[in-house]
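Peer 1: One file: start-v2.txt (compact mmCIF, C-alpha atoms).
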```
# COMPACT_ATOMS: atom_id res chain seq x y z
CA MET H 19 37.58 -33.46 -23.54
CA PRO H 20 35.96 -30.19 -24.65
CA VAL H 21 35.56 -27.59 -21.96
CA SER H 22 32.48 -25.41 -22.27
CA THR H 23 32.59 -21.81 -21.16
CA PRO H 24 30.22 -21.37 -18.24
CA GLY H 25 27.40 -18.91 -18.92
CA PRO H 26 26.32 -16.19 -16.54
CA THR H 27 24.83 -17.38 -13.25
CA PRO H 28 21.12 -16.81 -12.64
CA THR H 29 21.97 -14.17 -10.03
CA ALA H 30 24.20 -12.31 -12.47
CA THR H 31 21.56 -12.48 -15.21
CA ARG H 32 18.88 -11.21 -12.87
CA ALA H 33 21.08 -8.34 -11.68
CA GLU H 34 22.14 -7.45 -15.20
CA LEU H 35 18.53 -7.40 -16.43
CA ALA H 36 17.49 -5.24 -13.49
CA LYS H 37 20.33 -2.81 -14.14
CA LEU H 38 19.65 -2.40 -17.83
CA ALA H 39 15.89 -2.13 -17.27
CA ALA H 40 16.43 0.60 -14.69
CA ARG H 41 18.78 2.45 -16.99
CA ALA H 42 16.44 2.17 -19.97
CA ALA H 43 13.35 3.20 -18.01
CA ALA H 44 15.06 6.17 -16.36
CA ALA H 45 16.15 7.46 -19.77
CA THR H 46 12.60 7.37 -21.17
CA THR H 47 10.92 10.74 -21.72
CA GLY H 48 8.09 11.12 -19.25
CA VAL H 49 9.81 9.20 -16.47
CA VAL H 50 10.83 11.48 -13.61
CA ARG H 51 12.54 8.86 -11.47
CA LEU H 52 12.34 5.26 -10.39
CA SER H 53 10.75 4.39 -7.06
CA ALA H 54 10.97 1.34 -4.82
CA GLY H 55 7.19 1.51 -4.38
CA THR H 56 4.93 1.48 -1.36
CA PRO H 57 5.66 -0.90 0.35
CA PRO H 58 9.22 -0.86 -1.07
CA VAL H 59 9.20 -4.18 -2.91
CA HIS H 60 10.69 -3.14 -6.22
CA VAL H 61 14.30 -3.41 -5.15
CA THR H 62 17.01 -5.65 -6.60
CA ASP H 63 20.28 -6.57 -5.00
CA VAL H 64 23.01 -5.79 -7.51
CA GLY H 65 26.36 -6.90 -6.17
CA GLY H 66 25.49 -5.91 -2.62
CA ARG H 67 23.98 -2.61 -3.72
CA ARG H 68 20.25 -1.85 -3.60
CA LEU H 69 18.89 -0.94 -6.99
CA GLU H 70 15.57 0.78 -6.33
CA GLY H 71 12.68 0.88 -8.74
CA VAL H 72 13.08 -2.42 -10.52
CA SER H 73 12.47 -6.05 -9.64
CA ALA H 74 13.37 -9.11 -11.68
CA VAL H 75 11.39 -12.21 -10.79
CA ALA H 76 12.08 -15.68 -12.17
CA ALA H 77 9.23 -16.66 -14.47
CA GLU H 78 9.72 -19.55 -16.91
CA PRO H 79 13.01 -21.47 -16.64
CA GLY H 80 15.82 -19.14 -17.62
CA ARG H 81 13.55 -16.13 -18.01
CA TYR H 82 12.89 -13.20 -15.72
CA GLU H 83 9.86 -10.98 -15.51
CA VAL H 84 10.97 -7.42 -14.95
CA THR H 85 8.81 -4.80 -13.28
CA VAL H 86 9.72 -1.15 -13.33
CA CYS H 87 8.18 1.09 -10.71
CA LEU H 88 8.31 4.78 -11.51
CA VAL H 89 7.15 8.31 -10.95
CA ALA H 90 6.00 9.85 -14.20
CA LEU H 91 5.00 13.13 -15.71
CA PRO H 92 1.34 13.46 -16.73
CA VAL H 93 1.72 11.72 -20.09
CA ALA H 94 -0.24 8.98 -21.85
CA LEU H 95 0.54 5.96 -19.68
CA PRO H 96 0.01 3.17 -22.26
CA ALA H 97 2.39 4.88 -24.68
CA LEU H 98 4.90 5.45 -21.89
CA ALA H 99 4.72 1.79 -20.85
CA GLU H 100 5.16 0.65 -24.44
CA GLU H 101 8.19 2.89 -24.93
CA ILE H 102 9.78 1.59 -21.74
CA ARG H 103 9.19 -2.00 -22.90
CA GLU H 104 10.76 -1.25 -26.26
CA ARG H 105 13.81 0.34 -24.67
CA VAL H 106 14.27 -2.47 -22.16
CA ARG H 107 13.91 -5.13 -24.87
CA GLU H 108 16.42 -3.31 -27.06
CA SER H 109 18.91 -2.95 -24.19
CA ALA H 110 18.53 -6.64 -23.29
CA ARG H 111 19.04 -7.64 -26.92
CA ILE H 112 22.21 -5.56 -27.20
CA ALA H 113 23.51 -7.04 -23.92
CA GLY H 114 22.80 -10.54 -25.23
CA LEU H 115 20.09 -11.14 -22.63
CA GLY H 116 17.11 -11.00 -24.96
CA ASP H 117 16.27 -14.65 -24.35
CA ALA H 118 16.35 -14.19 -20.58
CA LEU H 119 13.86 -11.33 -20.62
CA GLY H 120 10.22 -12.23 -20.01
CA ALA H 121 7.27 -9.90 -19.61
CA ILE H 122 7.96 -6.30 -18.64
CA GLY H 123 5.61 -4.76 -16.13
CA VAL H 124 5.26 -1.06 -15.49
CA ARG H 125 3.93 0.28 -12.23
CA VAL H 126 3.09 3.96 -11.94
CA GLU H 127 3.71 4.95 -8.37
CA ASP H 128 3.01 8.63 -8.69
CA ILE H 129 2.45 11.43 -11.17
CA VAL H 130 4.16 14.76 -10.71
CA THR H 131 3.50 17.87 -12.73
CA ALA H 132 7.13 18.93 -13.14
CA PRO H 133 10.46 17.10 -12.86
CA PRO H 134 12.58 18.06 -9.85
CA VAL H 135 14.92 20.94 -10.55
CA GLY H 136 18.52 20.12 -9.75
CA PRO H 137 21.24 22.55 -8.69
CA ALA H 138 22.54 24.85 -11.38
CA PRO H 139 25.67 23.53 -13.08
CA MET V 7 4.92 11.62 12.92
CA ILE V 8 8.50 10.38 13.42
CA LEU V 9 8.42 11.68 17.00
CA LEU V 10 5.10 9.91 17.65
CA ARG V 11 6.44 6.65 16.29
CA ALA V 12 9.53 6.93 18.49
CA LEU V 13 7.29 7.65 21.49
CA VAL V 14 5.12 4.62 20.73
CA ARG V 15 8.23 2.43 20.55
CA VAL V 16 9.56 3.72 23.88
CA VAL V 17 6.17 3.32 25.62
CA THR V 18 5.75 -0.18 24.16
CA PHE V 19 9.21 -1.16 25.33
CA LEU V 20 8.60 0.19 28.86
CA LEU V 21 5.21 -1.55 29.07
CA LEU V 22 6.76 -4.84 27.97
CA VAL V 23 9.56 -4.49 30.53
CA GLY V 24 6.98 -3.78 33.25
CA LEU V 25 4.85 -6.70 32.17
CA SER V 26 7.78 -9.10 32.13
CA LEU V 27 8.92 -7.95 35.61
CA ALA V 28 5.40 -8.42 36.98
CA GLY V 29 5.24 -11.88 35.38
CA LEU V 30 8.60 -12.78 36.87
CA ALA V 31 7.48 -11.63 40.33
CA ALA V 32 4.23 -13.64 40.01
CA ALA V 33 6.12 -16.74 38.89
CA VAL V 34 8.62 -16.53 41.76
CA SER V 35 5.78 -15.91 44.22
CA CYS V 36 4.04 -19.07 43.07
CA ILE V 37 7.01 -21.32 43.76
CA ARG V 38 8.26 -19.81 47.05
CA PRO V 39 6.69 -21.24 50.21
CA GLY V 40 5.92 -19.20 53.34
CA THR V 41 4.34 -15.82 53.96
CA GLY V 42 7.27 -13.44 53.39
CA PRO V 43 8.04 -11.34 50.31
CA LEU V 44 7.67 -12.98 46.90
CA THR V 45 5.21 -15.60 48.12
CA ILE V 46 1.58 -16.25 47.19
CA PRO V 47 0.08 -14.36 50.22
CA TRP V 48 2.42 -11.44 49.48
CA ALA V 49 1.33 -11.31 45.82
CA ALA V 50 -2.34 -11.58 46.84
CA ASP V 51 -1.86 -8.68 49.27
CA ILE V 52 -0.14 -6.57 46.60
CA ALA V 53 -2.98 -7.24 44.18
CA GLN V 54 -5.51 -6.61 47.01
CA LEU V 55 -7.19 -9.92 46.26
CA PRO V 56 -8.89 -10.34 49.66
CA ASP V 57 -10.64 -6.95 49.30
CA LEU V 58 -11.51 -7.78 45.72
CA ARG V 59 -13.01 -11.11 46.79
CA ASP V 60 -15.22 -9.33 49.33
CA GLU V 61 -16.29 -6.83 46.70
CA VAL V 62 -17.07 -9.15 43.79
CA GLY V 63 -17.94 -12.30 45.73
CA GLY V 64 -21.67 -11.59 45.41
CA TRP V 65 -21.34 -11.00 41.71
CA PHE V 66 -19.56 -14.36 41.31
CA ASP V 67 -22.49 -16.03 43.08
CA ASP V 68 -24.89 -14.36 40.60
CA LEU V 69 -22.67 -15.46 37.74
CA ALA V 70 -22.69 -19.06 38.86
CA ALA V 71 -26.47 -19.04 39.29
CA ASP V 72 -28.91 -19.07 36.33
CA GLY V 73 -30.10 -15.51 35.70
CA PRO V 74 -29.64 -12.23 33.80
CA VAL V 75 -26.15 -11.56 35.20
CA ALA V 76 -24.91 -14.92 33.91
CA TRP V 77 -26.41 -14.27 30.47
CA LYS V 78 -25.01 -10.74 30.24
CA SER V 79 -21.58 -11.99 31.28
CA ALA V 80 -21.65 -14.81 28.73
CA LEU V 81 -22.64 -12.37 25.97
CA SER V 82 -19.97 -9.87 27.03
CA GLY V 83 -17.37 -12.66 27.01
CA ALA V 84 -18.41 -13.75 23.54
CA ALA V 85 -18.29 -10.14 22.31
CA ALA V 86 -14.81 -9.68 23.79
CA MET V 87 -13.63 -12.86 22.06
CA ALA V 88 -15.11 -11.71 18.73
CA LEU V 89 -13.41 -8.33 19.11
CA GLY V 90 -10.13 -10.05 19.88
CA LEU V 91 -10.46 -12.24 16.79
CA LEU V 92 -11.22 -9.18 14.65
CA LEU V 93 -8.16 -7.38 16.02
CA LEU V 94 -6.02 -10.43 15.35
CA ALA V 95 -7.39 -10.68 11.82
CA GLY V 96 -6.56 -7.01 11.25
CA LEU V 97 -3.04 -7.66 12.46
CA VAL V 98 -2.38 -10.95 10.68
CA ILE V 99 -4.24 -10.65 7.35
CA PRO V 100 -2.06 -8.66 4.95
CA ARG V 101 -3.50 -5.51 3.44
CA ARG V 102 -4.39 -5.83 -0.21
CA GLU V 103 -2.45 -3.49 -2.39
CA ARG V 104 -4.92 -1.13 -3.99
CA LEU V 105 -3.54 -1.00 -7.49
CA VAL V 106 -5.54 -0.41 -10.62
CA THR V 107 -4.62 -2.79 -13.42
CA LEU V 108 -4.74 -0.73 -16.58
CA SER V 109 -3.67 -3.44 -18.99
CA ARG V 110 -2.37 -6.97 -18.76
CA GLY V 111 -1.01 -9.23 -21.47
CA ASP V 112 1.79 -11.59 -22.41
CA HIS V 113 4.07 -8.61 -22.98
CA GLY V 114 3.59 -7.38 -19.42
CA HIS V 115 1.26 -5.37 -17.28
CA LEU V 116 0.61 -1.72 -16.62
CA VAL V 117 -0.61 -0.92 -13.15
CA ALA V 118 -0.97 2.33 -11.28
CA ARG V 119 -1.69 3.34 -7.76
CA ARG V 120 -5.00 5.01 -7.10
CA ARG V 121 -3.55 8.40 -6.26
CA PRO V 122 -1.88 9.18 -9.62
CA LEU V 123 -5.00 8.11 -11.48
CA GLY V 124 -7.08 10.36 -9.25
CA GLN V 125 -4.65 13.19 -9.92
CA ILE V 126 -4.98 12.68 -13.68
CA ALA V 127 -8.77 12.61 -13.40
CA CYS V 128 -8.75 15.83 -11.36
CA ALA V 129 -6.40 17.51 -13.81
CA LEU V 130 -8.67 16.57 -16.73
CA VAL V 131 -11.93 17.64 -15.09
CA GLU V 132 -10.50 20.89 -13.72
CA GLN V 133 -10.08 22.07 -17.30
CA VAL V 134 -13.81 21.75 -17.96
CA ARG V 135 -15.66 25.04 -18.31
CA GLY V 136 -17.60 25.95 -15.19
CA VAL V 137 -15.66 23.70 -12.81
CA THR V 138 -14.08 25.36 -9.78
CA GLN V 139 -12.74 22.40 -7.81
CA THR V 140 -12.53 18.66 -8.10
CA LYS V 141 -11.98 15.61 -5.93
CA ALA V 142 -11.50 12.14 -7.35
CA LYS V 143 -11.64 8.71 -5.81
CA VAL V 144 -10.47 5.63 -7.67
CA ARG V 145 -11.76 2.21 -6.72
CA PRO V 146 -9.96 -0.71 -8.35
CA ARG V 147 -11.78 -3.87 -9.40
CA ARG V 148 -10.28 -7.27 -8.73
CA ARG V 149 -10.36 -8.29 -12.39
CA GLY V 150 -8.74 -5.15 -13.70
CA GLY V 151 -9.99 -1.66 -14.32
CA GLY V 152 -12.09 0.14 -11.79
CA THR V 153 -14.29 3.11 -11.13
CA ILE V 154 -13.34 6.77 -10.96
CA LYS V 155 -15.71 8.88 -8.93
CA VAL V 156 -15.22 12.57 -9.49
CA ARG V 157 -16.93 15.19 -7.39
CA ALA V 158 -16.73 18.54 -9.10
CA GLU V 159 -17.78 21.91 -7.79
CA ARG V 160 -19.24 24.23 -10.38
CA SER V 161 -19.96 27.91 -10.63
CA SER V 162 -23.53 29.14 -10.23
CA SER V 163 -23.69 30.23 -13.86
CA SER V 164 -23.08 26.70 -15.16
CA ASP V 165 -25.58 23.90 -15.61
CA GLU V 166 -25.11 20.69 -13.62
CA GLY V 167 -25.95 18.36 -16.51
CA GLU V 168 -23.69 20.16 -18.92
CA VAL V 169 -20.75 20.15 -16.50
CA CYS V 170 -21.21 16.42 -15.83
CA GLY V 171 -21.36 15.68 -19.57
CA ARG V 172 -18.29 17.73 -20.34
CA ALA V 173 -16.41 16.20 -17.42
CA LYS V 174 -17.21 12.71 -18.68
CA ASP V 175 -16.02 13.72 -22.13
CA ALA V 176 -12.79 15.03 -20.59
CA LEU V 177 -12.30 11.75 -18.78
CA GLU V 178 -12.94 9.73 -21.93
CA GLU V 179 -9.25 9.76 -22.80
CA LEU V 180 -8.44 8.10 -19.50
CA THR V 181 -11.41 5.77 -19.22
CA SER V 182 -11.53 4.49 -22.79
CA ALA V 183 -7.90 3.41 -22.81
CA PHE V 184 -8.47 1.23 -19.77
CA LYS V 185 -11.41 -0.58 -18.27
CA LEU V 186 -12.38 2.35 -16.12
CA ARG V 187 -15.86 3.66 -15.45
CA ALA V 188 -16.36 7.31 -14.68
CA LYS V 189 -18.99 8.65 -12.31
CA VAL V 190 -19.21 12.42 -12.12
CA ARG V 191 -21.21 14.52 -9.72
CA ALA V 192 -21.27 18.27 -10.04
CA ARG V 193 -22.57 20.43 -7.26
CA LEU V 194 -22.73 24.14 -6.77
CA GLY V 195 -19.45 25.44 -5.36
CA GLU V 196 -19.24 27.25 -2.07
CA LYS V 197 -19.42 31.02 -1.97
CA GLY V 198 -16.11 32.47 -3.03
CA SER V 199 -15.24 29.69 -5.47
CA ARG V 200 -14.18 31.02 -8.81
CA VAL V 201 -13.72 29.41 -12.15
CA GLU V 202 -9.99 29.13 -12.74
```
Mind turning the file's structure into structure tokens?
Peer 2:
Amino acid sequence: MPVSTPGPTPTATRAELAKLAARAAAATTGVVRLSAGTPPVHVTDVGGRRLEGVSAVAAEPGRYEVTVCLVALPVALPALAEEIRERVRESARIAGLGDALGAIGVRVEDIVTAPPVGPAP
Amino acid sequence: MILLRALVRVVTFLLLVGLSLAGLAAAVSCIRPGTGPLTIPWAADIAQLPDLRDEVGGWFDDLAADGPVAWKSALSGAAAMALGLLLLAGLVIPRRERLVTLSRGDHGHLVARRRPLGQIACALVEQVRGVTQTKAKVRPRRRGGGTIKVRAERSSSSDEGEVCGRAKDALEELTSAFKLRAKVRARLGEKGSRVE
């Protein structure tokens, strides 16, 4: 009797999509940081850890709609949203989760004029 | 703000403790017979009910009879009930999130809170010649898009119409990309305002 390899569980897929979306969005030029939002609804539980700034909601069967909530620099928002979508799609494709990714929403929580300056290395 | 919130929590807790103790005392008083402590006569004495009856007895007679006092009381009662319902509605009905939907499609949506859009509008209009200060208010529409109202202060040497026109042109980049409508008002700035 053939034994099929079990695929990732829905929870794992959701968490993985949230993680890669957060990573891809945070690396986009024009994004200062991710934000959980007000009220803080854009939070995903990733293995018991709170991942702030991204939510993955089940849409069609086997697909998740991802929303990224962010603080941005004053840049053209449609272009920024499109770049984030491209990056998230690409990351999902590389991770083999392209089919599980549904629509990608972008929520601009705030605009800041300059990125926060970190401590000197 | 944090201190005030903590204070509100402490006061609320103390009030609730007091209320529950008073309720407990009233409940025990109702079931204990006799005239000693924690009985109905004792509770009535504590609440000074006999004195109160003497004081408001006449008013109760007026209330029971047909007349202006009865009508005023009925209206006041109805108003109190309406106020209570409004307060309950304010407490129970969730606040609508005031987000402006900039675009929506199969690929996803782009939404923004009102504040960043207002900030962008202010930043754009503040670069217009003759403008000294700006304030922007964004009002989202339910079906996407919304209205941006910008109130600009201008220098005395500038013309109101020209400033409004230029401000609308400056906002074009923001409004044309999304379903946003710009309303600009330019008024003379206060003494001391300078063009930056």
Peer 1: With a distance cut-off of 9 Å and only C-alpha atoms, select the neighbouring residues of range 124-131 of chain H, excluding the residue or stretch itself and same-chain residues fewer than 3 positions from it, and output the selection as a VMD selection string.
Peer 2: (chain H and resid 50 52 to 56 84 to 93 95 99 102 to 103) or (chain V and resid 105 114 to 123 125 to 126)
Peer 1: Please measure the separation of CA of Leu81 in chain V and CA of Trp65 in chain V, giving the value in Å to one decimal.
Peer 2: 15.9 Å
Peer 1: Could you tell me which of V:Leu186, V:Leu69, V:Ala192, V:Ala84 comes closest to Ser164 in chain V if we count only C-alpha atoms?
Peer 2: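 Closest to Ser164 in chain V of all the choices is V:Ala192.
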Peer 1: Quick one: pull the distance between CA of Ala50 in chain V and CA of Leu21 in chain V, Å, one decimal.
Peer 2: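 Going from CA of Ala50 in chain V over to CA of Leu21 in chain V, I get 21.8 Å.
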Peer 1: So how many Å separate CA of Leu27 in chain V and CA of Ala49 in chain V, to one decimal?
Peer 2: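 Between these atoms lies a distance of 13.2 Å.
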Peer 1: Only C-alpha atoms, as an mmCIF file, in the first residue's frame: that is what I want for range 34-138 of chain H.
Peer 2:
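result31.cif, written as the output of this step:
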```cif
data_model
loop_
_atom_site.group_PDB
_atom_site.id
_atom_site.type_symbol
_atom_site.label_atom_id
_atom_site.label_comp_id
_atom_site.auth_asym_id
_atom_site.auth_seq_id
_atom_site.Cartn_x
_atom_site.Cartn_y
_atom_site.Cartn_z
ATOM 1 C CA GLU H 34 5.088 30.164 6.986
ATOM 2 C CA LEU H 35 3.223 32.562 4.687
ATOM 3 C CA ALA H 36 3.039 35.168 7.442
ATOM 4 C CA LYS H 37 6.754 34.835 8.139
ATOM 5 C CA LEU H 38 7.853 35.167 4.546
ATOM 6 C CA ALA H 39 5.437 38.038 3.904
ATOM 7 C CA ALA H 40 6.771 39.907 6.923
ATOM 8 C CA ARG H 41 10.339 39.309 5.828
ATOM 9 C CA ALA H 42 9.656 40.388 2.247
ATOM 10 C CA ALA H 43 7.717 43.499 3.248
ATOM 11 C CA ALA H 44 10.288 44.613 5.821
ATOM 12 C CA ALA H 45 13.032 44.360 3.197
ATOM 13 C CA THR H 46 11.177 46.603 0.730
ATOM 14 C CA THR H 47 12.588 50.092 0.221
ATOM 15 C CA GLY H 48 10.190 52.623 1.669
ATOM 16 C CA VAL H 49 9.033 50.398 4.509
ATOM 17 C CA VAL H 50 10.277 51.636 7.878
ATOM 18 C CA ARG H 51 8.851 48.845 9.998
ATOM 19 C CA LEU H 52 5.881 46.557 10.358
ATOM 20 C CA SER H 53 3.124 47.441 12.811
ATOM 21 C CA ALA H 54 0.412 45.391 14.483
ATOM 22 C CA GLY H 55 -2.048 48.185 13.699
ATOM 23 C CA THR H 56 -4.555 50.100 15.786
ATOM 24 C CA PRO H 57 -6.298 48.098 17.230
ATOM 25 C CA PRO H 58 -3.500 45.492 17.056
ATOM 26 C CA VAL H 59 -5.168 42.931 14.800
ATOM 27 C CA HIS H 60 -2.369 42.237 12.361
ATOM 28 C CA VAL H 61 -0.592 39.665 14.483
ATOM 29 C CA THR H 62 0.098 36.026 13.646
ATOM 30 C CA ASP H 63 1.027 33.287 16.045
ATOM 31 C CA VAL H 64 4.169 31.643 14.708
ATOM 32 C CA GLY H 65 5.095 28.688 16.865
ATOM 33 C CA GLY H 66 4.012 30.417 20.058
ATOM 34 C CA ARG H 67 5.683 33.677 19.069
ATOM 35 C CA ARG H 68 3.768 36.816 18.097
ATOM 36 C CA LEU H 69 4.668 38.012 14.647
ATOM 37 C CA GLU H 70 3.498 41.616 14.475
ATOM 38 C CA GLY H 71 2.528 43.415 11.303
ATOM 39 C CA VAL H 72 1.133 40.584 9.247
ATOM 40 C CA SER H 73 -2.057 38.535 9.280
ATOM 41 C CA ALA H 74 -2.886 35.501 7.176
ATOM 42 C CA VAL H 75 -6.585 34.780 6.869
ATOM 43 C CA ALA H 76 -8.055 31.678 5.248
ATOM 44 C CA ALA H 77 -9.770 32.695 2.017
ATOM 45 C CA GLU H 78 -10.611 30.016 -0.566
ATOM 46 C CA PRO H 79 -9.910 26.401 0.441
ATOM 47 C CA GLY H 80 -6.170 25.985 0.805
ATOM 48 C CA ARG H 81 -5.422 29.652 0.197
ATOM 49 C CA TYR H 82 -4.624 32.457 2.593
ATOM 50 C CA GLU H 83 -5.115 36.161 2.166
ATOM 51 C CA VAL H 84 -2.150 37.976 3.624
ATOM 52 C CA THR H 85 -2.311 41.541 4.904
ATOM 53 C CA VAL H 86 0.804 43.485 5.742
ATOM 54 C CA CYS H 87 0.456 46.457 8.052
ATOM 55 C CA LEU H 88 3.344 48.890 7.934
ATOM 56 C CA VAL H 89 4.827 52.262 8.657
ATOM 57 C CA ALA H 90 6.252 53.772 5.497
ATOM 58 C CA LEU H 91 8.380 56.613 4.299
ATOM 59 C CA PRO H 92 6.607 59.274 2.219
ATOM 60 C CA VAL H 93 6.797 57.374 -1.071
ATOM 61 C CA ALA H 94 4.252 56.589 -3.786
ATOM 62 C CA LEU H 95 1.950 54.163 -2.001
ATOM 63 C CA PRO H 96 0.570 52.247 -5.028
ATOM 64 C CA ALA H 97 4.102 51.518 -6.237
ATOM 65 C CA LEU H 98 5.153 50.510 -2.735
ATOM 66 C CA ALA H 99 2.170 48.163 -2.408
ATOM 67 C CA GLU H 100 2.894 46.626 -5.798
ATOM 68 C CA GLU H 101 6.545 46.050 -4.921
ATOM 69 C CA ILE H 102 5.585 44.393 -1.646
ATOM 70 C CA ARG H 103 3.140 42.122 -3.497
ATOM 71 C CA GLU H 104 5.806 41.171 -6.004
ATOM 72 C CA ARG H 105 8.320 40.362 -3.272
ATOM 73 C CA VAL H 106 5.823 38.342 -1.234
ATOM 74 C CA ARG H 107 4.697 36.390 -4.312
ATOM 75 C CA GLU H 108 8.300 35.674 -5.251
ATOM 76 C CA SER H 109 9.170 34.543 -1.712
ATOM 77 C CA ALA H 110 6.090 32.294 -1.590
ATOM 78 C CA ARG H 111 6.971 30.801 -4.973
ATOM 79 C CA ILE H 112 10.521 30.040 -3.874
ATOM 80 C CA ALA H 113 9.223 28.478 -0.638
ATOM 81 C CA GLY H 114 6.808 26.332 -2.651
ATOM 82 C CA LEU H 115 3.774 28.092 -1.193
ATOM 83 C CA GLY H 116 2.751 29.997 -4.311
ATOM 84 C CA ASP H 117 -0.504 28.067 -4.596
ATOM 85 C CA ALA H 118 -1.421 28.776 -0.985
ATOM 86 C CA LEU H 119 -1.045 32.528 -1.368
ATOM 87 C CA GLY H 120 -4.204 34.491 -2.113
ATOM 88 C CA ALA H 121 -4.640 38.251 -2.313
ATOM 89 C CA ILE H 122 -2.056 40.435 -0.614
ATOM 90 C CA GLY H 123 -3.363 43.450 1.217
ATOM 91 C CA VAL H 124 -1.269 46.397 2.300
ATOM 92 C CA ARG H 125 -2.316 48.657 5.130
ATOM 93 C CA VAL H 126 -0.428 51.885 5.717
ATOM 94 C CA GLU H 127 -0.564 52.579 9.408
ATOM 95 C CA ASP H 128 1.622 55.632 9.482
ATOM 96 C CA ILE H 129 4.032 57.718 7.442
ATOM 97 C CA VAL H 130 7.254 58.941 8.950
ATOM 98 C CA THR H 131 9.656 61.367 7.354
ATOM 99 C CA ALA H 132 12.852 59.548 8.317
ATOM 100 C CA PRO H 133 13.642 55.975 9.354
ATOM 101 C CA PRO H 134 14.636 55.535 13.008
ATOM 102 C CA VAL H 135 18.353 55.868 13.569
ATOM 103 C CA GLY H 136 19.833 52.877 15.348
ATOM 104 C CA PRO H 137 22.884 52.838 17.608
ATOM 105 C CA ALA H 138 26.212 53.242 15.890
#
```
